[in-house]
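Raw final16.pdb, PDB, C-alpha atoms:
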```pdb
ATOM      1  CA  MET A   5       0.000   0.000   0.000
ATOM      2  CA  SER A   6       2.951   2.287   0.449
ATOM      3  CA  VAL A   7       3.872   4.502  -2.447
ATOM      4  CA  LYS A   8       7.495   4.342  -3.502
ATOM      5  CA  PHE A   9       7.673   6.827  -6.357
ATOM      6  CA  ASP A  10       8.451  10.511  -6.526
ATOM      7  CA  ILE A  11       5.190  12.145  -7.464
ATOM      8  CA  ALA A  12       5.640  15.057  -9.846
ATOM      9  CA  GLU A  13       1.996  16.127  -9.925
ATOM     10  CA  THR A  14      -1.328  15.187  -8.344
ATOM     11  CA  LEU A  15      -4.561  15.322 -10.313
ATOM     12  CA  ASP A  16      -7.749  15.486  -8.287
ATOM     13  CA  VAL A  17     -10.751  14.165 -10.231
ATOM     14  CA  LYS A  18     -12.801  13.241  -7.174
ATOM     15  CA  GLY A  19     -16.501  13.471  -8.016
ATOM     16  CA  ALA A  20     -15.981  13.331 -11.776
ATOM     17  CA  SER A  21     -17.396  10.390 -13.687
ATOM     18  CA  CYS A  22     -16.693   8.729 -17.044
ATOM     19  CA  PRO A  23     -15.081   9.885 -19.302
ATOM     20  CA  MET A  24     -13.527  12.748 -17.325
ATOM     21  CA  PRO A  25     -11.008  10.829 -15.144
ATOM     22  CA  VAL A  26      -9.353   9.384 -18.294
ATOM     23  CA  VAL A  27      -9.648  12.591 -20.319
ATOM     24  CA  LYS A  28      -8.174  14.758 -17.557
ATOM     25  CA  THR A  29      -5.417  12.215 -16.848
ATOM     26  CA  LYS A  30      -4.399  12.390 -20.485
ATOM     27  CA  GLY A  31      -4.261  16.198 -20.254
ATOM     28  CA  ALA A  32      -2.191  16.124 -17.058
ATOM     29  CA  ILE A  33       0.243  13.543 -18.482
ATOM     30  CA  ASP A  34       0.807  15.762 -21.529
ATOM     31  CA  ASP A  35       2.114  18.483 -19.201
ATOM     32  CA  LEU A  36       4.722  16.180 -17.567
ATOM     33  CA  SER A  37       8.215  15.294 -18.757
ATOM     34  CA  ALA A  38       9.348  11.761 -19.582
ATOM     35  CA  GLY A  39      10.000   9.729 -16.436
ATOM     36  CA  GLU A  40       7.724  11.770 -14.175
ATOM     37  CA  VAL A  41       4.895  10.175 -12.210
ATOM     38  CA  LEU A  42       1.331  11.481 -11.997
ATOM     39  CA  GLU A  43      -0.888  10.667  -9.030
ATOM     40  CA  VAL A  44      -4.606  10.558  -9.859
ATOM     41  CA  LEU A  45      -7.213  10.720  -7.095
ATOM     42  CA  ALA A  46     -10.691   9.575  -8.159
ATOM     43  CA  THR A  47     -13.966   8.511  -6.587
ATOM     44  CA  ASP A  48     -15.361   6.876  -9.742
ATOM     45  CA  PRO A  49     -15.160   3.079  -9.189
ATOM     46  CA  GLY A  50     -14.909   2.706 -12.993
ATOM     47  CA  SER A  51     -11.591   4.539 -12.890
ATOM     48  CA  MET A  52      -9.848   1.335 -11.736
ATOM     49  CA  SER A  53     -10.629  -0.479 -14.984
ATOM     50  CA  ASP A  54     -10.728   2.585 -17.257
ATOM     51  CA  LEU A  55      -7.391   4.116 -16.295
ATOM     52  CA  ASP A  56      -5.691   0.719 -16.458
ATOM     53  CA  GLY A  57      -7.175   0.133 -19.923
ATOM     54  CA  TRP A  58      -6.161   3.601 -21.031
ATOM     55  CA  ALA A  59      -2.579   3.135 -19.819
ATOM     56  CA  THR A  60      -2.352  -0.250 -21.573
ATOM     57  CA  GLY A  61      -3.732   1.069 -24.857
ATOM     58  CA  THR A  62      -1.794   4.317 -24.949
ATOM     59  CA  ASP A  63       1.806   4.775 -26.083
ATOM     60  CA  GLY A  64       4.174   6.561 -23.760
ATOM     61  CA  VAL A  65       2.486   5.835 -20.422
ATOM     62  CA  GLU A  66       2.788   3.083 -17.846
ATOM     63  CA  MET A  67       0.445   2.260 -14.928
ATOM     64  CA  LEU A  68       2.698   1.716 -11.916
ATOM     65  CA  GLU A  69       0.126   1.048  -9.240
ATOM     66  CA  GLN A  70      -3.558   1.341  -8.430
ATOM     67  CA  ILE A  71      -4.731   1.509  -4.846
ATOM     68  CA  GLU A  72      -8.342   0.985  -3.871
ATOM     69  CA  GLY A  73      -8.815   3.027  -0.697
ATOM     70  CA  ASP A  74     -11.927   3.455   1.428
ATOM     71  CA  ASP A  75     -13.366   6.367  -0.525
ATOM     72  CA  VAL A  76     -10.656   7.293  -2.994
ATOM     73  CA  TYR A  77      -9.065   5.332  -5.810
ATOM     74  CA  LYS A  78      -5.401   6.246  -6.279
ATOM     75  CA  HIS A  79      -3.593   5.691  -9.550
ATOM     76  CA  TYR A  80       0.096   6.180 -10.298
ATOM     77  CA  VAL A  81       0.972   6.686 -13.950
ATOM     78  CA  ARG A  82       4.467   7.249 -15.326
ATOM     79  CA  LYS A  83       5.108   9.106 -18.537
ATOM     80  CA  THR A  84       7.670   6.936 -20.319
ATOM     81  CA  GLU A  85       8.444   9.014 -23.400
TER      82      GLU A  85
ATOM     83  CA  MET B  18      16.946 -17.666 -61.659
ATOM     84  CA  SER B  19      17.537 -20.663 -63.840
ATOM     85  CA  THR B  20      16.562 -22.948 -60.948
ATOM     86  CA  ASP B  21      13.090 -21.444 -60.901
ATOM     87  CA  THR B  22      11.419 -24.375 -62.666
ATOM     88  CA  SER B  23       7.858 -23.026 -62.833
ATOM     89  CA  ASP B  24       8.833 -20.056 -64.930
ATOM     90  CA  THR B  25      11.778 -21.422 -66.868
ATOM     91  CA  ALA B  26       9.999 -21.743 -70.227
ATOM     92  CA  ALA B  27       8.416 -18.310 -70.144
ATOM     93  CA  ASP B  28      11.629 -16.867 -68.806
ATOM     94  CA  GLY B  29      13.584 -18.369 -71.672
ATOM     95  CA  SER B  30      11.357 -16.906 -74.366
ATOM     96  CA  ARG B  31      11.355 -13.494 -72.692
ATOM     97  CA  ALA B  32      15.124 -13.650 -72.422
ATOM     98  CA  GLU B  33      15.346 -14.324 -76.190
ATOM     99  CA  GLU B  34      13.100 -11.360 -76.889
ATOM    100  CA  ALA B  35      15.170  -9.243 -74.560
ATOM    101  CA  SER B  36      18.414 -10.173 -76.295
ATOM    102  CA  ARG B  37      16.841  -9.421 -79.693
ATOM    103  CA  ASP B  38      15.929  -6.018 -78.243
ATOM    104  CA  GLY B  39      19.555  -5.488 -77.404
ATOM    105  CA  ALA B  40      19.841  -6.594 -73.755
ATOM    106  CA  SER B  41      23.403  -7.733 -73.271
ATOM    107  CA  ASP B  42      22.980 -10.691 -70.878
ATOM    108  CA  PRO B  43      19.763 -12.743 -70.878
ATOM    109  CA  ASP B  44      20.613 -13.973 -67.352
ATOM    110  CA  GLU B  45      20.065 -10.478 -65.999
ATOM    111  CA  VAL B  46      16.382 -10.349 -66.942
ATOM    112  CA  PRO B  47      14.408 -11.140 -63.749
ATOM    113  CA  SER B  48      11.695 -13.794 -63.938
ATOM    114  CA  ARG B  49       8.017 -12.944 -63.522
ATOM    115  CA  ALA B  50       8.004 -14.784 -60.166
ATOM    116  CA  GLU B  51      10.960 -12.750 -58.933
ATOM    117  CA  LEU B  52       9.320  -9.508 -59.982
ATOM    118  CA  ALA B  53       6.051 -10.521 -58.306
ATOM    119  CA  ALA B  54       7.911 -11.381 -55.086
ATOM    120  CA  ARG B  55       9.749  -8.078 -55.215
ATOM    121  CA  VAL B  56       6.511  -6.119 -55.738
ATOM    122  CA  GLU B  57       4.907  -7.973 -52.832
ATOM    123  CA  GLU B  58       7.895  -7.171 -50.620
ATOM    124  CA  LEU B  59       7.778  -3.479 -51.522
ATOM    125  CA  GLU B  60       4.008  -3.317 -51.048
ATOM    126  CA  SER B  61       4.180  -4.741 -47.538
ATOM    127  CA  ALA B  62       7.049  -2.387 -46.642
ATOM    128  CA  LEU B  63       5.000   0.548 -47.943
ATOM    129  CA  ALA B  64       1.939  -0.575 -45.946
ATOM    130  CA  GLU B  65       4.050  -0.683 -42.781
ATOM    131  CA  VAL B  66       5.405   2.792 -43.379
ATOM    132  CA  SER B  67       2.019   4.341 -44.092
ATOM    133  CA  ALA B  68       0.406   2.599 -41.080
ATOM    134  CA  ALA B  69       3.128   3.957 -38.800
ATOM    135  CA  GLU B  70       2.708   7.404 -40.269
ATOM    136  CA  SER B  71      -1.062   7.660 -40.117
ATOM    137  CA  GLY B  72      -1.504   6.443 -36.521
ATOM    138  CA  LYS B  73      -4.753   5.192 -35.028
ATOM    139  CA  LYS B  74      -8.013   6.604 -36.355
ATOM    140  CA  MET B  75     -11.655   6.459 -35.240
ATOM    141  CA  SER B  76     -14.656   7.580 -37.216
ATOM    142  CA  ILE B  77     -18.111   8.018 -35.654
ATOM    143  CA  VAL B  78     -21.373   8.915 -37.395
ATOM    144  CA  ALA B  79     -23.812  10.596 -34.954
ATOM    145  CA  THR B  80     -27.436  10.529 -36.164
ATOM    146  CA  LYS B  81     -29.479  11.012 -32.973
ATOM    147  CA  GLY B  82     -30.228  14.223 -31.104
ATOM    148  CA  THR B  83     -31.994  13.161 -27.929
ATOM    149  CA  LEU B  84     -30.243  13.874 -24.631
ATOM    150  CA  ASP B  85     -29.471  10.202 -23.963
ATOM    151  CA  MET B  86     -28.172   9.534 -27.482
ATOM    152  CA  ALA B  87     -25.947  12.623 -27.538
ATOM    153  CA  TYR B  88     -23.700  11.156 -24.835
ATOM    154  CA  PRO B  89     -22.262   7.975 -26.421
ATOM    155  CA  PRO B  90     -20.560   9.611 -29.441
ATOM    156  CA  LEU B  91     -19.092  12.408 -27.298
ATOM    157  CA  ILE B  92     -17.857  10.110 -24.527
ATOM    158  CA  LEU B  93     -16.285   7.722 -27.029
ATOM    159  CA  ALA B  94     -14.761  10.553 -29.070
ATOM    160  CA  SER B  95     -13.091  12.253 -26.095
ATOM    161  CA  THR B  96     -11.895   8.942 -24.640
ATOM    162  CA  ALA B  97     -10.440   7.798 -27.970
ATOM    163  CA  ALA B  98      -8.654  11.149 -28.266
ATOM    164  CA  ALA B  99      -7.138  10.451 -24.819
ATOM    165  CA  PHE B 100      -5.855   7.134 -26.236
ATOM    166  CA  GLY B 101      -4.137   9.070 -29.016
ATOM    167  CA  TYR B 102      -6.699   8.338 -31.740
ATOM    168  CA  ASP B 103      -7.269  10.835 -34.490
ATOM    169  CA  VAL B 104     -11.078  11.175 -34.130
ATOM    170  CA  THR B 105     -13.721  12.437 -36.530
ATOM    171  CA  VAL B 106     -17.430  12.639 -35.647
ATOM    172  CA  PHE B 107     -19.743  13.179 -38.620
ATOM    173  CA  HIS B 108     -23.071  14.629 -37.443
ATOM    174  CA  THR B 109     -26.113  14.138 -39.622
ATOM    175  CA  PHE B 110     -29.901  14.510 -39.220
ATOM    176  CA  TRP B 111     -30.835  14.928 -35.549
ATOM    177  CA  GLY B 112     -27.209  14.379 -34.581
ATOM    178  CA  LEU B 113     -26.620  17.882 -35.941
ATOM    179  CA  ASP B 114     -28.389  19.344 -32.890
ATOM    180  CA  ILE B 115     -25.483  18.156 -30.702
ATOM    181  CA  LEU B 116     -23.221  20.642 -32.527
ATOM    182  CA  HIS B 117     -25.845  23.414 -32.617
ATOM    183  CA  GLU B 118     -24.670  25.817 -29.906
ATOM    184  CA  GLU B 119     -28.168  26.791 -28.767
ATOM    185  CA  ARG B 120     -30.071  23.547 -29.371
ATOM    186  CA  SER B 121     -27.346  21.403 -27.736
ATOM    187  CA  LYS B 122     -28.176  23.038 -24.397
ATOM    188  CA  ASN B 123     -31.834  22.027 -24.686
ATOM    189  CA  LEU B 124     -31.659  18.445 -25.886
ATOM    190  CA  LYS B 125     -34.718  16.477 -24.765
ATOM    191  CA  LEU B 126     -35.274  12.979 -23.484
ATOM    192  CA  SER B 127     -38.283  11.257 -25.046
ATOM    193  CA  SER B 128     -40.843  10.049 -22.509
ATOM    194  CA  VAL B 129     -42.301   7.516 -24.958
ATOM    195  CA  GLY B 130     -40.846   4.589 -26.846
ATOM    196  CA  ASN B 131     -38.577   3.446 -24.024
ATOM    197  CA  PRO B 132     -40.168   0.772 -21.809
ATOM    198  CA  ASN B 133     -37.514   1.410 -19.145
ATOM    199  CA  MET B 134     -38.861   4.910 -18.477
ATOM    200  CA  PRO B 135     -40.633   5.291 -15.121
ATOM    201  CA  VAL B 136     -43.860   6.404 -16.832
ATOM    202  CA  PRO B 137     -46.085   4.227 -19.050
ATOM    203  CA  ASN B 138     -46.248   5.235 -22.730
ATOM    204  CA  VAL B 139     -49.881   6.445 -22.443
ATOM    205  CA  VAL B 140     -48.839   8.846 -19.685
ATOM    206  CA  GLY B 141     -45.598   9.749 -21.440
ATOM    207  CA  ALA B 142     -47.577  10.798 -24.513
ATOM    208  CA  LEU B 143     -49.407  13.533 -22.550
ATOM    209  CA  PRO B 144     -48.423  17.122 -23.400
ATOM    210  CA  GLY B 145     -45.380  18.348 -21.487
ATOM    211  CA  MET B 146     -44.179  14.895 -20.429
ATOM    212  CA  ASP B 147     -40.950  15.117 -22.445
ATOM    213  CA  ARG B 148     -40.120  18.220 -20.424
ATOM    214  CA  VAL B 149     -40.742  16.345 -17.170
ATOM    215  CA  THR B 150     -38.568  13.339 -18.068
ATOM    216  CA  THR B 151     -35.851  15.629 -19.476
ATOM    217  CA  SER B 152     -35.698  17.652 -16.289
ATOM    218  CA  MET B 153     -35.571  14.432 -14.213
ATOM    219  CA  MET B 154     -32.593  13.307 -16.302
ATOM    220  CA  GLU B 155     -30.887  16.700 -16.068
ATOM    221  CA  LYS B 156     -31.164  16.595 -12.271
ATOM    222  CA  LYS B 157     -29.595  13.125 -12.237
ATOM    223  CA  ILE B 158     -26.771  14.296 -14.510
ATOM    224  CA  ASP B 159     -26.150  17.229 -12.181
ATOM    225  CA  SER B 160     -26.251  15.269  -8.911
ATOM    226  CA  ASN B 161     -24.016  12.534 -10.346
ATOM    227  CA  ASP B 162     -21.434  15.080 -11.577
ATOM    228  CA  THR B 163     -21.773  13.670 -15.064
ATOM    229  CA  ALA B 164     -20.295  16.029 -17.655
ATOM    230  CA  THR B 165     -22.799  18.119 -19.606
ATOM    231  CA  ILE B 166     -23.062  17.890 -23.398
ATOM    232  CA  GLU B 167     -21.475  21.348 -23.684
ATOM    233  CA  GLU B 168     -18.530  20.326 -21.472
ATOM    234  CA  LEU B 169     -17.964  17.178 -23.527
ATOM    235  CA  ILE B 170     -17.992  19.138 -26.790
ATOM    236  CA  GLU B 171     -15.582  21.785 -25.481
ATOM    237  CA  THR B 172     -13.274  19.095 -24.013
ATOM    238  CA  SER B 173     -13.322  17.076 -27.241
ATOM    239  CA  LEU B 174     -12.538  20.154 -29.337
ATOM    240  CA  GLU B 175      -9.607  20.982 -27.053
ATOM    241  CA  MET B 176      -8.324  17.424 -27.523
ATOM    242  CA  GLY B 177      -8.378  17.803 -31.293
ATOM    243  CA  VAL B 178     -11.557  15.848 -32.129
ATOM    244  CA  GLU B 179     -12.901  16.953 -35.493
ATOM    245  CA  PHE B 180     -16.650  17.549 -35.467
ATOM    246  CA  GLN B 181     -18.221  17.633 -38.904
ATOM    247  CA  ALA B 182     -21.719  18.949 -39.672
ATOM    248  CA  CYS B 183     -23.355  17.315 -42.698
ATOM    249  CA  GLN B 184     -24.029  20.070 -45.245
ATOM    250  CA  MET B 185     -27.140  18.425 -46.693
ATOM    251  CA  THR B 186     -28.771  18.268 -43.235
ATOM    252  CA  ILE B 187     -27.733  21.858 -42.416
ATOM    253  CA  ASP B 188     -29.651  22.963 -45.527
ATOM    254  CA  LEU B 189     -32.555  20.602 -44.819
ATOM    255  CA  MET B 190     -33.017  21.877 -41.254
ATOM    256  CA  GLY B 191     -32.522  25.489 -42.320
ATOM    257  CA  TYR B 192     -29.548  25.991 -39.969
ATOM    258  CA  ASP B 193     -26.817  28.538 -40.502
ATOM    259  CA  GLU B 194     -23.099  27.748 -40.367
ATOM    260  CA  ASP B 195     -22.760  30.270 -37.519
ATOM    261  CA  ASP B 196     -25.239  28.278 -35.389
ATOM    262  CA  PHE B 197     -22.565  25.704 -34.566
ATOM    263  CA  TYR B 198     -19.772  25.682 -31.993
ATOM    264  CA  ASP B 199     -16.543  27.345 -33.088
ATOM    265  CA  GLY B 200     -14.260  24.742 -34.590
ATOM    266  CA  VAL B 201     -17.026  22.645 -36.178
ATOM    267  CA  THR B 202     -16.327  21.743 -39.806
ATOM    268  CA  THR B 203     -19.140  22.440 -42.278
ATOM    269  CA  GLY B 204     -19.386  21.881 -46.013
ATOM    270  CA  VAL B 205     -18.880  18.124 -45.861
ATOM    271  CA  GLY B 206     -20.968  15.220 -47.099
ATOM    272  CA  ALA B 207     -21.260  11.451 -47.232
ATOM    273  CA  ALA B 208     -18.171  11.021 -49.423
ATOM    274  CA  THR B 209     -16.029  12.732 -46.786
ATOM    275  CA  ALA B 210     -17.473  10.402 -44.145
ATOM    276  CA  ILE B 211     -16.843   7.303 -46.294
ATOM    277  CA  GLN B 212     -13.271   8.373 -46.980
ATOM    278  CA  ASP B 213     -12.756   8.825 -43.264
ATOM    279  CA  MET B 214     -14.285   5.459 -42.380
ATOM    280  CA  ALA B 215     -12.134   3.716 -45.008
ATOM    281  CA  ASP B 216      -9.021   5.112 -43.314
ATOM    282  CA  SER B 217     -10.152   4.319 -39.751
ATOM    283  CA  ASP B 218      -9.391   1.495 -37.344
ATOM    284  CA  ILE B 219     -12.758   1.929 -35.592
ATOM    285  CA  GLN B 220     -16.011   2.961 -37.288
ATOM    286  CA  LEU B 221     -19.238   3.489 -35.349
ATOM    287  CA  LEU B 222     -22.780   4.536 -36.224
ATOM    288  CA  VAL B 223     -24.649   6.036 -33.272
TER     289      VAL B 223
END
```
Once more with this new file: its structure as structure tokens, please.
Amino acid sequence: MSVKFDIAETLDVKGASCPMPVVKTKGAIDDLSAGEVLEVLATDPGSMSDLDGWATGTDGVEMLEQIEGDDVYKHYVRKTE
Amino acid sequence: MSTDTSDTAADGSRAEEASRDGASDPDEVPSRAELAARVEELESALAEVSAAESGKKMSIVATKGTLDMAYPPLILASTAAAFGYDVTVFHTFWGLDILHEERSKNLKLSSVGNPNMPVPNVVGALPGMDRVTTSMMEKKIDSNDTATIEELIETSLEMGVEFQACQMTIDLMGYDEDDFYDGVTTGVGAATAIQDMADSDIQLLV
């Protein structure tokens, strides 16, 4: 459960529902440099599957970890290129 | 070349012709099979290059203008853009209302024709019922923090989604080009949509 990456930026999409968590994550990743990690905080339960699917299907990003908390779903995405 | 048994006879006669035409060494004339293999090789290399260049594409045709049917094309378009797809949405007939700046803010939900609606069709057909069901849906959208149609259009435009408004339907409905959101492409027809679909990895009709 512990997070072992340096987080460059945190994106708060709590309250937002599909498709906004994915769309806003994409926007936030675009603003990072290669190698940096984005933390995404969401309350949409669909974000677990959707952000994982997005990271798998998208070039230049890698899903490092997804944590299902009590109220908040945390996602850690690295920009790879 | 000479070990290519299937084409030896034809090769031989072509070689004779070639030498009559002044070719110095008949052995240097490639066989038909070799040429075909070479063409195939070049074609597949070319296909690889153009696929890498063009990237992933999605083409959606949006034909419906009710509040519920406006969501799927916009959600899929913005999500595909987040995946890196080059997305085009061709809006025709009632789908045009989604791009109409004023009408898109007043899209209605039909209270009849959907057995899952909380009111029976005979009640739903009463005057004003569409307004009631639409406002029920709008309240749900608001309380659930679901994006509005306007937000989805603005977000999609920012992400580079190309929205096209079918010219024939613009004329049919008596709309003006200025009625649409800034950034919407007008002056396009079915041939543009077909061309786009032919080039796309994903094609959807909504």
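Of the residues listed (A:Asp74, A:Glu43, A:Lys28, A:Val81), A:Val81 shows the shortest atom-to-atom separation from A:Asp56; distances use only C-alpha atoms.
The interface of chain A with chain B at 7 Å, considering all atoms listed in the file, consists of Gly19, Ala20, Ser21, Pro23, Val26, Val27, Lys30, Trp58, Gly61 and Thr62 of chain A.
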Distance of atom CA of B:Pro90 from atom CA of B:Ile115, expressed in Å to one decimal place: 9.9 Å
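Near A:Val44, within 10 Å and counting all atoms listed in the file, sit Glu13, Thr14, Leu15, Asp16, Val17, Lys18, Pro25, Val26, Lys28, Thr29, Ala32, Ser51, Leu55, Gln70, Val76, Tyr77, Lys78, His79, Tyr80 and Val81 of chain A; same-chain residues fewer than 4 positions away were not included.
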Keeping C-alpha atoms for every residue in the selection just given, could you write it to a file as an mmCIF file, in the coordinates of the input?
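New file again_2.cif:
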```cif
data_model
loop_
_atom_site.group_PDB
_atom_site.id
_atom_site.type_symbol
_atom_site.label_atom_id
_atom_site.label_comp_id
_atom_site.auth_asym_id
_atom_site.auth_seq_id
_atom_site.Cartn_x
_atom_site.Cartn_y
_atom_site.Cartn_z
ATOM 1 C CA GLU A 13 1.996 16.127 -9.925
ATOM 2 C CA THR A 14 -1.328 15.187 -8.344
ATOM 3 C CA LEU A 15 -4.561 15.322 -10.313
ATOM 4 C CA ASP A 16 -7.749 15.486 -8.287
ATOM 5 C CA VAL A 17 -10.751 14.165 -10.231
ATOM 6 C CA LYS A 18 -12.801 13.241 -7.174
ATOM 7 C CA PRO A 25 -11.008 10.829 -15.144
ATOM 8 C CA VAL A 26 -9.353 9.384 -18.294
ATOM 9 C CA LYS A 28 -8.174 14.758 -17.557
ATOM 10 C CA THR A 29 -5.417 12.215 -16.848
ATOM 11 C CA ALA A 32 -2.191 16.124 -17.058
ATOM 12 C CA SER A 51 -11.591 4.539 -12.890
ATOM 13 C CA LEU A 55 -7.391 4.116 -16.295
ATOM 14 C CA GLN A 70 -3.558 1.341 -8.430
ATOM 15 C CA VAL A 76 -10.656 7.293 -2.994
ATOM 16 C CA TYR A 77 -9.065 5.332 -5.810
ATOM 17 C CA LYS A 78 -5.401 6.246 -6.279
ATOM 18 C CA HIS A 79 -3.593 5.691 -9.550
ATOM 19 C CA TYR A 80 0.096 6.180 -10.298
ATOM 20 C CA VAL A 81 0.972 6.686 -13.950
#
```
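Distance check against B:Ser121 using only C-alpha atoms: of B:Ile158, B:Ile77, B:Ile170, B:Ile211, the minimum falls on B:Ile170.
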Neighbours of point (-35.3, 15.1, -22.1) within 9 Å, using all atoms listed in the file, written as a ChimeraX atom specification: /B:83-85,123-128,147-155
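Going from atom CA of A:Val41 to atom CA of A:Asp10 covers 6.7 Å.
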Computed interatomic separation between atom CA of B:Val66 and atom CA of B:Ala215 (Å): 17.6 Å
Hits of the PyMOL selection byres ((chain B and resi 71-75) around 9) in this structure, as a PyMOL selection string: chain B and resi 66-70+76-77+94+97-98+101-106+213-214+216-221
A:Pro49, A:Asp54, A:Glu40, A:Asp34 ranked by distance to A:Ile11, top pick (using only C-alpha atoms): A:Glu40
Given only C-alpha atoms as the counted atoms, nearest of A:Met52, A:Val65, A:Ala38, A:Ala59 to A:Cys22: A:Met52
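Among the candidates B:Arg55, B:Val140, B:Arg120, B:Phe107, the one nearest to B:Val205 when counting all atoms listed in the file is B:Phe107.
Each of B:Thr80, B:Thr165, B:Thr202, B:Thr109 was checked against B:Lys122 using only C-alpha atoms; the smallest atom-to-atom distance is that of B:Thr165.
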Only all heavy atoms, please: stretch 56-62 of chain A from the block, as a short mmCIF file (atom, residue, chain, number, x, y, z; two decimals), in the first residue's frame.
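As a result, result_11.cif now contains:
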```cif
data_model
loop_
_atom_site.label_atom_id
_atom_site.label_comp_id
_atom_site.auth_asym_id
_atom_site.auth_seq_id
_atom_site.Cartn_x
_atom_site.Cartn_y
_atom_site.Cartn_z
N ASP A 56 -6.60 1.82 -16.13
CA ASP A 56 -5.69 0.72 -16.46
C ASP A 56 -5.76 0.43 -17.95
O ASP A 56 -4.73 0.26 -18.61
CB ASP A 56 -6.07 -0.52 -15.64
CG ASP A 56 -5.04 -1.62 -15.78
OD1 ASP A 56 -3.83 -1.30 -15.79
OD2 ASP A 56 -5.44 -2.80 -15.90
N GLY A 57 -6.99 0.38 -18.49
CA GLY A 57 -7.18 0.13 -19.92
C GLY A 57 -6.56 1.24 -20.76
O GLY A 57 -5.92 0.97 -21.78
N TRP A 58 -6.73 2.46 -20.30
CA TRP A 58 -6.16 3.60 -21.03
C TRP A 58 -4.63 3.51 -21.06
O TRP A 58 -4.01 3.69 -22.10
CB TRP A 58 -6.60 4.92 -20.37
CG TRP A 58 -5.86 6.11 -20.89
CD1 TRP A 58 -6.08 6.74 -22.08
CD2 TRP A 58 -4.77 6.78 -20.26
NE1 TRP A 58 -5.19 7.78 -22.23
CE2 TRP A 58 -4.37 7.82 -21.13
CE3 TRP A 58 -4.10 6.61 -19.06
CZ2 TRP A 58 -3.32 8.69 -20.82
CZ3 TRP A 58 -3.06 7.46 -18.75
CH2 TRP A 58 -2.67 8.49 -19.62
N ALA A 59 -4.05 3.20 -19.90
CA ALA A 59 -2.58 3.13 -19.82
C ALA A 59 -2.05 2.00 -20.69
O ALA A 59 -1.00 2.13 -21.33
CB ALA A 59 -2.14 2.95 -18.37
N THR A 60 -2.78 0.89 -20.75
CA THR A 60 -2.35 -0.25 -21.57
C THR A 60 -2.45 0.09 -23.06
O THR A 60 -1.58 -0.29 -23.84
CB THR A 60 -3.23 -1.48 -21.27
OG1 THR A 60 -3.20 -1.73 -19.87
CG2 THR A 60 -2.74 -2.72 -22.01
N GLY A 61 -3.50 0.81 -23.44
CA GLY A 61 -3.73 1.07 -24.86
C GLY A 61 -3.07 2.33 -25.38
O GLY A 61 -3.23 2.66 -26.56
N THR A 62 -2.37 3.05 -24.53
CA THR A 62 -1.79 4.32 -24.95
C THR A 62 -0.27 4.25 -24.93
O THR A 62 0.32 3.76 -23.97
CB THR A 62 -2.28 5.45 -24.00
OG1 THR A 62 -3.70 5.42 -23.97
CG2 THR A 62 -1.81 6.81 -24.47
#
```
